[in-house]
$ cat my_file.cif   # mmCIF, C-alpha atoms
data_model
#
loop_
_atom_site.label_atom_id
_atom_site.label_comp_id
_atom_site.auth_asym_id
_atom_site.auth_seq_id
_atom_site.Cartn_x
_atom_site.Cartn_y
_atom_site.Cartn_z
CA MET W 1 -87.88 81.65 -77.88
CA GLU W 2 -86.74 84.34 -75.49
CA GLU W 3 -87.71 87.81 -76.67
CA LEU W 4 -84.68 90.07 -76.67
CA ILE W 5 -83.96 93.76 -76.41
CA ARG W 6 -83.37 95.37 -79.78
CA ARG W 7 -80.75 98.06 -79.58
CA GLU W 8 -81.55 99.39 -83.03
CA ASN W 9 -85.03 100.16 -81.71
CA TYR W 10 -85.30 103.82 -80.74
CA GLN W 11 -87.38 103.09 -77.68
CA LYS W 12 -85.55 103.42 -74.42
CA LEU W 13 -84.14 100.11 -73.20
CA TYR W 14 -86.05 100.12 -69.94
CA VAL W 15 -89.34 100.69 -71.80
CA GLN W 16 -88.59 97.69 -74.01
CA LEU W 17 -87.69 95.55 -71.02
CA CYS W 18 -90.89 96.67 -69.29
CA GLU W 19 -92.96 95.60 -72.28
CA ILE W 20 -91.25 92.21 -72.50
CA MET W 21 -91.93 91.50 -68.82
CA LYS W 22 -95.48 92.81 -69.09
CA ARG W 23 -96.18 90.38 -71.93
CA LYS W 24 -94.81 87.51 -69.86
CA ILE W 25 -97.19 88.46 -67.05
CA GLU W 26 -100.15 88.98 -69.33
CA ASN W 27 -99.75 85.66 -71.13
CA LYS W 28 -99.25 83.92 -67.78
CA GLU W 29 -95.74 82.73 -68.54
CA TRP W 30 -95.09 84.54 -65.27
CA ASP W 31 -98.23 83.74 -63.32
CA VAL W 32 -99.53 85.36 -60.14
CA GLY W 33 -97.13 84.71 -57.26
CA PHE W 34 -94.24 83.82 -59.58
CA GLN W 35 -90.88 85.06 -58.33
CA ILE W 36 -89.23 86.88 -61.18
CA PRO W 37 -85.48 86.41 -61.85
CA THR W 38 -83.12 88.52 -59.76
CA GLU W 39 -81.69 91.77 -61.09
CA GLU W 40 -78.37 90.07 -61.95
CA GLU W 41 -80.12 87.32 -63.85
CA LEU W 42 -82.23 89.80 -65.81
CA CYS W 43 -79.08 91.79 -66.67
CA LYS W 44 -77.54 88.61 -68.07
CA ILE W 45 -80.63 87.40 -69.95
CA TYR W 46 -81.28 90.72 -71.67
CA GLY W 47 -77.75 92.08 -71.85
CA VAL W 48 -78.63 95.37 -70.19
CA SER W 49 -77.27 97.30 -67.25
CA ARG W 50 -78.46 96.98 -63.72
CA ALA W 51 -79.86 100.51 -63.81
CA THR W 52 -82.08 99.56 -66.77
CA VAL W 53 -83.38 96.47 -64.99
CA ARG W 54 -84.03 98.45 -61.84
CA THR W 55 -85.96 101.17 -63.68
CA ALA W 56 -88.04 98.60 -65.54
CA ILE W 57 -88.93 96.75 -62.33
CA SER W 58 -89.80 99.99 -60.53
CA GLU W 59 -92.07 100.95 -63.40
CA LEU W 60 -93.89 97.59 -63.22
CA VAL W 61 -94.23 97.91 -59.45
CA ARG W 62 -95.65 101.37 -60.01
CA GLU W 63 -98.11 100.06 -62.57
CA GLY W 64 -99.22 97.31 -60.22
CA TYR W 65 -97.82 94.30 -62.10
CA LEU W 66 -95.14 93.40 -59.60
CA THR W 67 -94.65 93.63 -55.87
CA ARG W 68 -91.38 93.73 -53.96
CA GLN W 69 -90.97 91.76 -50.76
CA GLN W 70 -87.99 92.79 -48.73
CA GLY W 71 -85.43 90.03 -48.33
CA LYS W 72 -87.40 87.67 -50.56
CA GLY W 73 -87.57 89.05 -54.06
CA THR W 74 -89.97 90.47 -56.59
CA PHE W 75 -93.24 88.69 -57.35
CA VAL W 76 -96.05 88.88 -59.88
CA LYS W 77 -99.04 90.56 -58.29
CA LYS W 78 -102.65 89.57 -58.69
CA GLN W 79 -104.19 91.75 -61.38
CA MET W 80 -107.28 93.83 -60.83
CA SER W 81 -110.15 91.75 -62.07
CA ASP W 82 -111.27 92.49 -65.59
CA GLU W 83 -114.79 91.63 -64.65
CA LEU W 84 -115.27 94.81 -62.70
CA ILE W 85 -115.77 97.66 -65.05
CA MET W 86 -115.69 101.25 -64.06
CA SER W 87 -118.92 102.99 -64.80
CA THR W 88 -118.08 106.48 -63.71
CA SER W 89 -116.44 109.32 -65.52
CA PHE W 90 -113.34 110.90 -64.16
CA ARG W 91 -115.18 113.85 -62.68
CA GLU W 92 -117.44 111.63 -60.64
CA LEU W 93 -114.41 109.62 -59.74
CA MET W 94 -112.12 112.39 -58.68
CA LEU W 95 -114.51 114.83 -57.05
CA GLU W 96 -116.95 114.43 -54.28
CA GLN W 97 -120.49 115.28 -55.18
CA GLY W 98 -121.71 118.80 -54.70
CA ILE W 99 -118.34 120.43 -55.09
CA SER W 100 -118.34 123.14 -57.69
CA PHE W 101 -115.26 123.28 -59.85
CA SER W 102 -114.03 124.92 -62.99
CA THR W 103 -111.68 123.58 -65.63
CA GLU W 104 -108.88 125.46 -67.27
CA VAL W 105 -107.40 124.10 -70.48
CA LEU W 106 -103.64 124.62 -70.46
CA ALA W 107 -102.95 122.88 -73.74
CA HIS W 108 -104.95 121.46 -76.62
CA THR W 109 -102.56 120.57 -79.38
CA THR W 110 -100.86 117.67 -81.17
CA MET W 111 -97.61 115.82 -80.72
CA MET W 112 -95.91 112.62 -81.72
CA PRO W 113 -96.18 109.71 -79.27
CA MET W 114 -93.07 109.23 -77.12
CA ASP W 115 -91.73 106.26 -75.15
CA ASN W 116 -94.44 104.23 -73.45
CA LEU W 117 -97.31 106.05 -75.20
CA ILE W 118 -96.52 104.11 -78.36
CA THR W 119 -97.15 100.79 -76.64
CA LEU W 120 -99.93 102.00 -74.34
CA LEU W 121 -102.00 103.47 -77.14
CA ASP W 122 -100.87 100.83 -79.62
CA CYS W 123 -100.15 103.70 -81.96
CA PRO W 124 -97.44 103.79 -84.67
CA ALA W 125 -94.59 106.10 -83.68
CA ASP W 126 -95.10 108.27 -86.74
CA LYS W 127 -98.82 108.87 -86.15
CA HIS W 128 -100.00 112.02 -84.40
CA VAL W 129 -101.54 112.15 -80.94
CA ILE W 130 -103.88 114.83 -79.61
CA TYR W 131 -102.52 116.23 -76.36
CA ILE W 132 -104.71 117.96 -73.79
CA LYS W 133 -103.60 119.30 -70.45
CA ARG W 134 -106.07 120.81 -68.03
CA THR W 135 -106.42 121.74 -64.41
CA THR W 136 -109.47 121.47 -62.20
CA ILE W 137 -109.91 124.42 -59.91
CA VAL W 138 -111.95 124.32 -56.72
CA GLU W 139 -112.40 127.47 -54.68
CA GLY W 140 -109.75 129.25 -56.69
CA ARG W 141 -107.16 126.56 -56.02
CA PRO W 142 -105.90 124.05 -58.59
CA ILE W 143 -106.51 120.61 -57.14
CA MET W 144 -105.92 118.40 -60.13
CA VAL W 145 -103.80 118.37 -63.27
CA GLN W 146 -104.68 116.01 -66.06
CA GLU W 147 -102.77 115.12 -69.19
CA ILE W 148 -104.70 113.38 -71.94
CA TYR W 149 -103.40 111.59 -75.04
CA ILE W 150 -105.68 110.48 -77.87
CA PRO W 151 -104.41 108.99 -81.16
CA PHE W 152 -105.41 111.56 -83.76
CA HIS W 153 -106.90 108.98 -86.16
CA ILE W 154 -109.34 107.78 -83.48
CA CYS W 155 -111.22 111.06 -83.49
CA PRO W 156 -109.75 113.84 -85.68
CA PRO W 157 -112.50 116.42 -84.95
CA LEU W 158 -111.51 116.39 -81.29
CA LEU W 159 -108.67 118.73 -82.12
CA GLU W 160 -111.13 121.44 -83.12
CA GLU W 161 -113.83 120.81 -80.54
CA ASP W 162 -114.58 123.04 -77.56
CA ILE W 163 -113.22 121.03 -74.68
CA VAL W 164 -113.79 123.73 -72.08
CA ASN W 165 -117.56 123.44 -72.09
CA ASN W 166 -117.94 119.84 -73.23
CA SER W 167 -116.83 116.66 -71.53
CA LEU W 168 -114.56 114.33 -73.46
CA PHE W 169 -117.03 111.52 -72.94
CA GLY W 170 -119.75 113.63 -74.54
CA LEU W 171 -117.48 114.48 -77.46
CA PHE W 172 -116.49 110.85 -78.00
CA LYS W 173 -120.15 109.93 -78.07
CA LYS W 174 -120.93 112.72 -80.54
CA HIS W 175 -118.25 111.38 -82.89
CA LYS W 176 -119.35 107.77 -82.49
CA VAL W 177 -116.42 106.53 -80.47
CA ASP W 178 -117.92 104.19 -77.95
CA ILE W 179 -115.88 103.73 -74.79
CA THR W 180 -116.46 100.24 -73.51
CA ARG W 181 -113.71 99.67 -71.00
CA ILE W 182 -111.44 101.68 -68.73
CA ARG W 183 -108.31 100.31 -67.14
CA ASN W 184 -107.37 102.24 -64.03
CA TYR W 185 -104.26 102.48 -61.99
CA PHE W 186 -104.17 104.35 -58.70
CA GLY W 187 -100.97 105.25 -56.98
CA ILE W 188 -98.82 107.88 -55.42
CA THR W 189 -96.43 110.02 -57.37
CA TYR W 190 -94.06 112.87 -56.70
CA LEU W 191 -94.43 116.29 -58.24
CA SER W 192 -92.14 117.35 -61.07
CA PRO W 193 -90.93 120.97 -60.94
CA GLU W 194 -93.63 122.11 -63.41
CA GLU W 195 -96.40 120.26 -61.63
CA ALA W 196 -95.27 121.65 -58.30
CA GLN W 197 -95.60 125.12 -59.71
CA VAL W 198 -99.23 124.57 -60.70
CA PHE W 199 -100.14 123.42 -57.21
CA SER W 200 -97.79 125.87 -55.45
CA LEU W 201 -96.32 122.93 -53.57
CA ALA W 202 -92.71 121.90 -53.12
CA GLU W 203 -91.08 119.81 -55.84
CA GLY W 204 -91.19 116.14 -54.87
CA SER W 205 -94.34 116.45 -52.74
CA SER W 206 -96.46 113.34 -52.90
CA THR W 207 -99.75 113.41 -54.77
CA LEU W 208 -102.42 110.96 -55.78
CA LEU W 209 -102.02 109.52 -59.24
CA LEU W 210 -104.66 108.04 -61.48
CA ASN W 211 -103.68 106.57 -64.85
CA GLN W 212 -106.55 105.53 -67.04
CA LEU W 213 -106.51 103.71 -70.34
CA PHE W 214 -109.78 103.88 -72.25
CA PHE W 215 -110.77 101.24 -74.77
CA SER W 216 -113.33 101.04 -77.49
CA GLY W 217 -113.68 97.32 -78.02
CA GLU W 218 -110.06 96.15 -78.03
CA THR W 219 -108.64 99.43 -79.31
CA PRO W 220 -107.05 101.85 -76.86
CA VAL W 221 -108.53 105.27 -77.60
CA MET W 222 -107.27 107.49 -74.82
CA TYR W 223 -104.70 107.54 -72.05
CA THR W 224 -104.98 109.95 -69.17
CA ARG W 225 -102.62 110.74 -66.34
CA SER W 226 -104.24 112.70 -63.55
CA ILE W 227 -102.54 113.94 -60.42
CA LYS W 228 -104.47 115.31 -57.53
CA ARG W 229 -103.43 117.14 -54.38
CA SER W 230 -103.45 114.55 -51.65
CA ASP W 231 -104.45 117.04 -48.98
CA SER W 232 -107.83 117.79 -50.47
CA PHE W 233 -110.95 115.70 -50.87
CA GLY W 234 -111.32 111.96 -51.22
CA PHE W 235 -112.09 109.53 -53.97
CA SER W 236 -115.47 108.12 -54.65
CA ILE W 237 -115.49 105.05 -56.83
CA GLU W 238 -118.34 103.04 -58.14
CA PHE W 239 -117.90 99.72 -59.88
CA LYS W 240 -120.51 98.13 -62.01
CA LYS W 241 -120.44 94.89 -63.91
CA SER W 242 -121.09 95.34 -67.58
CA SER W 243 -123.95 93.38 -69.04
CA ILE W 244 -121.59 91.10 -70.98
CA ASN W 245 -119.71 90.15 -67.85
CA GLU W 246 -122.93 89.71 -65.95
CA ARG W 247 -124.01 87.15 -68.45
CA ARG W 248 -120.67 85.42 -68.26
CA TYR W 249 -121.00 85.41 -64.50
CA TYR W 250 -124.32 83.60 -64.58
CA VAL W 251 -123.09 81.03 -67.06
CA LYS W 252 -120.22 80.23 -64.74
CA ARG W 253 -122.59 79.57 -61.89
CA MET E 254 -97.41 133.06 -118.75
CA GLN E 255 -99.59 132.53 -115.74
CA SER E 256 -100.47 129.37 -113.93
CA ASP E 257 -104.21 129.11 -113.28
CA LYS E 258 -103.64 127.01 -110.27
CA LYS E 259 -103.93 128.40 -106.77
CA ILE E 260 -102.13 127.53 -103.58
CA LYS E 261 -105.01 125.26 -102.55
CA ASP E 262 -104.41 123.07 -105.63
CA VAL E 263 -100.86 122.21 -104.66
CA MET E 264 -100.90 122.35 -100.88
CA ILE E 265 -100.41 119.23 -98.80
CA GLY E 266 -102.01 118.27 -95.50
CA ILE E 267 -100.45 119.32 -92.21
CA PHE E 268 -100.48 115.74 -90.98
CA GLU E 269 -97.90 114.80 -93.60
CA TYR E 270 -95.35 116.10 -91.11
CA PRO E 271 -94.72 115.23 -87.47
CA HIS E 272 -96.03 117.72 -84.90
CA ILE E 273 -94.52 118.61 -81.56
CA PRO E 274 -95.25 121.25 -78.94
CA TYR E 275 -92.59 123.91 -78.36
CA TRP E 276 -91.59 122.58 -74.95
CA PHE E 277 -90.20 119.33 -76.39
CA SER E 278 -86.44 119.07 -76.04
CA ILE E 279 -84.05 118.82 -78.96
CA ASP E 280 -83.29 115.20 -78.14
CA GLN E 281 -87.01 114.34 -78.21
CA ALA E 282 -87.22 116.00 -81.63
CA ILE E 283 -84.24 113.94 -82.77
CA ARG E 284 -85.94 110.73 -81.69
CA ILE E 285 -89.07 111.74 -83.59
CA ILE E 286 -87.04 112.39 -86.72
CA LYS E 287 -85.46 108.96 -86.34
CA VAL E 288 -88.75 107.06 -86.04
CA SER E 289 -90.79 109.15 -88.47
CA PHE E 290 -88.26 109.49 -91.23
CA ILE E 291 -84.97 107.71 -90.92
CA SER E 292 -85.97 104.29 -89.61
CA ALA E 293 -89.23 104.44 -91.60
CA LYS E 294 -87.05 105.14 -94.69
CA LYS E 295 -89.31 108.03 -95.56
CA TYR E 296 -87.51 111.08 -96.83
CA PRO E 297 -89.95 113.80 -97.76
CA GLU E 298 -88.44 116.96 -99.13
CA PRO E 299 -87.82 118.85 -96.90
CA LEU E 300 -87.39 116.76 -93.74
CA ALA E 301 -89.10 118.87 -91.13
CA ILE E 302 -91.08 118.88 -87.92
CA LEU E 303 -93.84 121.39 -87.22
CA VAL E 304 -93.76 123.13 -83.83
CA PHE E 305 -97.04 124.18 -82.23
CA ASP E 306 -98.08 126.12 -79.14
CA GLU E 307 -100.63 125.05 -76.49
CA LYS E 308 -103.51 126.39 -78.56
CA TYR E 309 -102.48 124.53 -81.69
CA ASN E 310 -101.07 127.55 -83.48
CA LEU E 311 -98.07 126.90 -85.70
CA LEU E 312 -95.02 128.52 -84.14
CA GLY E 313 -92.27 127.35 -86.39
CA THR E 314 -90.56 124.61 -88.32
CA LEU E 315 -87.60 122.53 -87.40
CA THR E 316 -85.35 121.10 -90.08
CA LEU E 317 -82.28 118.91 -89.75
CA LYS E 318 -80.17 122.01 -90.27
CA ASP E 319 -81.90 123.84 -87.40
CA ILE E 320 -81.23 120.90 -85.12
CA LEU E 321 -77.57 120.63 -86.07
CA ARG E 322 -77.20 124.35 -85.62
CA GLY E 323 -78.80 124.03 -82.20
CA LEU E 324 -76.21 121.44 -81.22
CA GLU E 325 -73.27 123.55 -82.30
CA PRO E 326 -71.04 124.43 -79.36
CA ARG E 327 -71.66 127.98 -78.24
CA PHE E 328 -68.24 129.52 -78.65
CA MET E 329 -68.14 128.51 -82.32
CA ARG E 330 -71.05 130.67 -83.29
CA PRO E 331 -69.76 133.77 -84.98
CA THR E 332 -71.06 137.03 -83.64
CA GLU E 333 -72.97 138.95 -86.21
CA LYS E 334 -70.36 141.63 -86.60
CA ALA E 335 -67.21 139.61 -86.77
CA GLN E 336 -67.57 136.87 -89.33
CA PRO E 337 -64.70 134.41 -89.21
CA TYR E 338 -62.66 133.69 -92.31
CA LEU E 339 -63.49 130.59 -94.24
CA GLU E 340 -60.09 129.05 -93.57
CA GLU E 341 -60.74 129.18 -89.86
CA GLU E 342 -63.99 127.28 -90.25
CA LYS E 343 -62.22 124.11 -91.29
CA GLU E 344 -60.25 124.04 -88.09
CA LEU E 345 -63.28 124.92 -86.02
CA SER E 346 -65.10 121.90 -87.37
CA VAL E 347 -62.41 119.68 -85.88
CA ILE E 348 -62.93 121.30 -82.51
CA TRP E 349 -66.62 120.61 -82.77
CA ASP E 350 -65.84 116.97 -83.24
CA THR E 351 -63.93 116.79 -79.96
CA LEU E 352 -66.53 118.81 -78.12
CA PHE E 353 -69.53 117.08 -79.56
CA ALA E 354 -70.03 114.42 -76.95
CA LYS E 355 -69.63 116.84 -74.10
CA GLU E 356 -71.33 120.05 -75.00
CA SER E 357 -73.81 119.00 -77.66
CA ARG E 358 -75.38 116.40 -75.43
CA GLU E 359 -75.97 119.13 -72.91
CA LEU E 360 -77.39 121.42 -75.60
CA ALA E 361 -79.83 118.71 -76.69
CA LYS E 362 -81.77 119.28 -73.48
CA LYS E 363 -82.79 122.75 -74.63
CA SER E 364 -86.32 123.16 -75.86
CA VAL E 365 -86.99 123.23 -79.58
CA SER E 366 -88.49 126.71 -79.32
CA GLU E 367 -84.96 128.05 -78.94
CA ILE E 368 -83.74 126.61 -82.21
CA MET E 369 -86.75 126.38 -84.54
CA ALA E 370 -87.24 128.71 -87.47
CA PRO E 371 -90.18 130.86 -86.33
CA THR E 372 -93.06 131.13 -88.77
CA LYS E 373 -93.45 134.68 -89.96
CA VAL E 374 -95.01 134.47 -93.40
CA PHE E 375 -98.09 132.63 -94.62
CA VAL E 376 -100.01 132.24 -97.86
CA GLU E 377 -103.78 131.93 -98.24
CA PRO E 378 -105.43 129.03 -100.13
CA ASP E 379 -106.60 131.37 -102.92
CA ASP E 380 -103.25 133.07 -103.43
CA PRO E 381 -101.46 132.49 -106.73
CA ILE E 382 -98.59 130.00 -106.67
CA ALA E 383 -96.14 132.70 -107.70
CA LYS E 384 -96.69 134.36 -104.34
CA ALA E 385 -95.40 131.25 -102.60
CA ALA E 386 -92.35 131.27 -104.85
CA TYR E 387 -91.72 134.93 -104.03
CA LEU E 388 -91.94 134.34 -100.28
CA MET E 389 -89.77 131.25 -100.45
CA ILE E 390 -87.04 133.12 -102.27
CA HIS E 391 -87.13 136.23 -100.14
CA HIS E 392 -87.44 134.50 -96.78
CA ASP E 393 -85.20 131.56 -97.61
CA LEU E 394 -87.90 128.92 -96.98
CA VAL E 395 -88.54 125.48 -98.43
CA LEU E 396 -91.83 124.92 -96.64
CA LEU E 397 -94.53 127.54 -96.39
CA PRO E 398 -97.63 127.36 -94.17
CA VAL E 399 -101.07 128.01 -95.64
CA SER E 400 -103.58 129.74 -93.40
CA GLU E 401 -107.21 130.69 -93.81
CA GLU E 402 -107.88 134.33 -92.98
CA LYS E 403 -104.54 134.56 -91.20
CA LYS E 404 -105.86 132.33 -88.43
CA LYS E 405 -106.44 128.70 -89.09
CA PHE E 406 -103.46 126.71 -90.31
CA VAL E 407 -104.78 124.46 -93.07
CA GLY E 408 -101.85 123.16 -95.09
CA LEU E 409 -98.33 123.47 -96.39
CA VAL E 410 -96.75 124.21 -99.72
CA ARG E 411 -93.36 122.83 -100.58
CA MET E 412 -90.84 124.22 -102.97
CA THR E 413 -91.06 121.02 -105.05
CA GLU E 414 -94.71 121.61 -106.00
CA VAL E 415 -94.21 125.33 -106.48
CA PHE E 416 -91.29 124.65 -108.79
CA ASP E 417 -93.24 122.00 -110.66
CA GLU E 418 -96.20 124.28 -111.33
CA LEU E 419 -94.21 127.32 -112.32
CA SER E 420 -91.84 125.35 -114.52
CA ASN E 421 -94.77 123.71 -116.35
CA ALA E 422 -95.86 127.13 -117.46
CA ILE E 423 -92.42 127.73 -118.93
CA LEU E 424 -92.22 124.41 -120.76
CA LYS E 425 -95.61 124.98 -122.37
CA GLU E 426 -94.53 128.16 -124.17
#
$ encode --input "my_file.cif" --output "structure tokens"
Amino acid sequence: MEELIRRENYQKLYVQLCEIMKRKIENKEWDVGFQIPTEEELCKIYGVSRATVRTAISELVREGYLTRQQGKGTFVKKQMSDELIMSTSFRELMLEQGISFSTEVLAHTTMMPMDNLITLLDCPADKHVIYIKRTTIVEGRPIMVQEIYIPFHICPPLLEEDIVNNSLFGLFKKHKVDITRIRNYFGITYLSPEEAQVFSLAEGSSTLLLNQLFFSGETPVMYTRSIKRSDSFGFSIEFKKSSINERRYYVKR
Amino acid sequence: MQSDKKIKDVMIGIFEYPHIPYWFSIDQAIRIIKVSFISAKKYPEPLAILVFDEKYNLLGTLTLKDILRGLEPRFMRPTEKAQPYLEEEKELSVIWDTLFAKESRELAKKSVSEIMAPTKVFVEPDDPIAKAAYLMIHHDLVLLPVSEEKKKFVGLVRMTEVFDELSNAILKE
């Protein structure tokens, strides 16, 4: 049966529509290369406005689920293979080796999950989330801003820990939360007024975006959104197959 | 007639209530109240949200009344010197109704720090319960934060528990 938008739900309509379409892609109802219904058709099916449909599609394009082809339509994109698992921490990922940097913690507090955090972190809307915001400073200049969301029940002591001198990975390890998988999304984003202020750049300037969702087993334990000045430094990425996938790989052969 | 119990015996955990940072907007706070209380059919007494700063210090509390007050159109707020007559208030409430959609929606974009009740008084875990009652009466509070050595925020006391404890002492006599 077609899943419908629930207006009594307090989530924004576009977020709901996004989740419905994401599920269709993930369970292969909409397989790779499938042309999704047009905006008008989606409006009719889900009984929402064109603006809602457009926002939902843009969000899925941004997250790498869909791709737009001018004059043709919108298609389901091939997903990044699950068999490649990132083995590097964000610092190794975002900074070239040998660069000395410092970290400034702008916020280390709690909040309630809003909008897409509820679905991303698979966290009940009335459960608390630890919120961390920090900047990475190289040569006196902020080059990266990172916002981090961790469901409080995953690791309560994290709220009290010293996150200036310890890495989050180290702290997760200390409290027996084992990160086994990281889902990454790279893209470009445009600075909000507050972000622009941190970087002393104009509002709307383009920056590199990295969204990461960290899993322990099948449970999402942390979501991070990092934005990085696009005029400084490059990325270095290393992929490594995990032992489980390696085994699976050999069996297949 | 003294209760042997201390604040720490009646205080409740801080995670019983939703938390938000001060930069959240009023409409975000409203959505949190909807999911945490109203649609979850959970009505703790009092209904409140705790407002924190970046360093996880408690800044204030936000009740339904604070939110409604924050949405009240500006011109209707009496200045401190000239209090309007009660009769006028009835008519003003009708004006609010017509203005609600327009101005209150705009006001809902303000941050909660502008409308919360700032936290000024605390009790310590080893304080007697009567102290909480005193502070609640004199500062017009229904929820009182408990802090350890004036620094770490460790819990909350509600008027319900304070009342319960103090009234027990009376009934025993």
$ interface_residues --input "my_file.cif" --of "chain E" --to "chain W" --cutoff "6 Å" --atoms "all atoms listed in the file" --output "ChimeraX atom specification"
/E:272-273,289,307-309
$ atom_distance --input "my_file.cif" --atom1 "CA of Ile227 in chain W" --atom2 "CA of Leu209 in chain W"
4.6 Å
$ residues_around --input "my_file.cif" --residues "Pro398 in chain E" --least-positions-apart "4" --cutoff "10 Å" --atoms "all atoms listed in the file" --output "JSON, numbers by chain"
{"E": [264, 265, 267, 303, 311, 313, 314, 372, 373, 374, 375, 376, 377, 378, 385, 406, 407, 408, 409, 410, 411]}
$ closest_residue --input "my_file.cif" --among "W:Ala56, W:Ser226, W:Gly73, W:Lys78" --to "Cys43 in chain W" --atoms "only C-alpha atoms"
W:Ala56
$ residues_around --input "my_file.cif" --residues "Leu312 in chain E" --least-positions-apart "5" --cutoff "7 Å" --atoms "only C-alpha atoms" --output "list in words"
Val304, Phe305, Asp306, Pro371 and Thr372 of chain E
$ atom_distance --input "my_file.cif" --atom1 "CA of Ser49 in chain W" --atom2 "CA of Ser205 in chain W"
29.5 Å
$ residues_around --input "my_file.cif" --residues "Val263 in chain E" --least-positions-apart "3" --cutoff "8 Å" --atoms "all atoms listed in the file" --output "ChimeraX atom specification"
/E:258-260,410,414-415
$ write_last_selection --input "my_file.cif" --atoms "C-alpha atoms" --output "mmCIF file, in the frame of the given file"
data_model
loop_
_atom_site.group_PDB
_atom_site.id
_atom_site.type_symbol
_atom_site.label_atom_id
_atom_site.label_comp_id
_atom_site.auth_asym_id
_atom_site.auth_seq_id
_atom_site.Cartn_x
_atom_site.Cartn_y
_atom_site.Cartn_z
ATOM 1 C CA LYS E 258 -103.640 127.010 -110.270
ATOM 2 C CA LYS E 259 -103.930 128.400 -106.770
ATOM 3 C CA ILE E 260 -102.130 127.530 -103.580
ATOM 4 C CA VAL E 410 -96.750 124.210 -99.720
ATOM 5 C CA GLU E 414 -94.710 121.610 -106.000
ATOM 6 C CA VAL E 415 -94.210 125.330 -106.480
#
$ atom_distance --input "my_file.cif" --atom1 "CA of Phe353 in chain E" --atom2 "CA of Ser192 in chain W"
29.2 Å
$ resolve_selection --input "my_file.cif" --expression "the PyMOL selection byres ((chain E and resi 290-293) around 12)" --output "list in words"
Glu8, Asn9, Tyr10, Pro124, Ala125, Asp126 and Lys127 of chain W; Glu269, Tyr270, Pro271, Ala282, Ile283, Arg284, Ile285, Ile286, Lys287, Val288, Ser289, Lys294, Lys295, Tyr296, Pro297, Glu298, Pro299, Leu300, Ala301, Ile302 and Leu317 of chain E
$ decode --input "my_file.cif" --residues "range 192-215 of chain W" --atoms "C-alpha atoms" --output "PDB file, in the first residue's frame"
ATOM      1  CA  SER W 192      24.394  30.645   6.390  1.00  0.00           C
ATOM      2  CA  PRO W 193      24.814  34.108   7.935  1.00  0.00           C
ATOM      3  CA  GLU W 194      26.232  32.653  11.191  1.00  0.00           C
ATOM      4  CA  GLU W 195      28.617  30.329   9.400  1.00  0.00           C
ATOM      5  CA  ALA W 196      29.782  33.153   7.168  1.00  0.00           C
ATOM      6  CA  GLN W 197      30.656  35.138  10.243  1.00  0.00           C
ATOM      7  CA  VAL W 198      32.899  32.384  11.607  1.00  0.00           C
ATOM      8  CA  PHE W 199      34.859  32.204   8.372  1.00  0.00           C
ATOM      9  CA  SER W 200      34.698  35.964   7.696  1.00  0.00           C
ATOM     10  CA  LEU W 201      33.325  35.179   4.258  1.00  0.00           C
ATOM     11  CA  ALA W 202      30.262  36.524   2.500  1.00  0.00           C
ATOM     12  CA  GLU W 203      26.910  34.892   3.215  1.00  0.00           C
ATOM     13  CA  GLY W 204      26.112  32.367   0.494  1.00  0.00           C
ATOM     14  CA  SER W 205      29.760  31.608  -0.337  1.00  0.00           C
ATOM     15  CA  SER W 206      30.249  28.018  -1.378  1.00  0.00           C
ATOM     16  CA  THR W 207      32.033  25.626   0.950  1.00  0.00           C
ATOM     17  CA  LEU W 208      32.801  21.949   1.085  1.00  0.00           C
ATOM     18  CA  LEU W 209      30.325  19.885   3.034  1.00  0.00           C
ATOM     19  CA  LEU W 210      30.850  16.530   4.682  1.00  0.00           C
ATOM     20  CA  ASN W 211      27.934  14.797   6.404  1.00  0.00           C
ATOM     21  CA  GLN W 212      28.824  11.671   8.304  1.00  0.00           C
ATOM     22  CA  LEU W 213      26.571   9.178  10.008  1.00  0.00           C
ATOM     23  CA  PHE W 214      28.359   6.862  12.412  1.00  0.00           C
ATOM     24  CA  PHE W 215      27.003   3.437  13.275  1.00  0.00           C
TER      25      PHE W 215
END
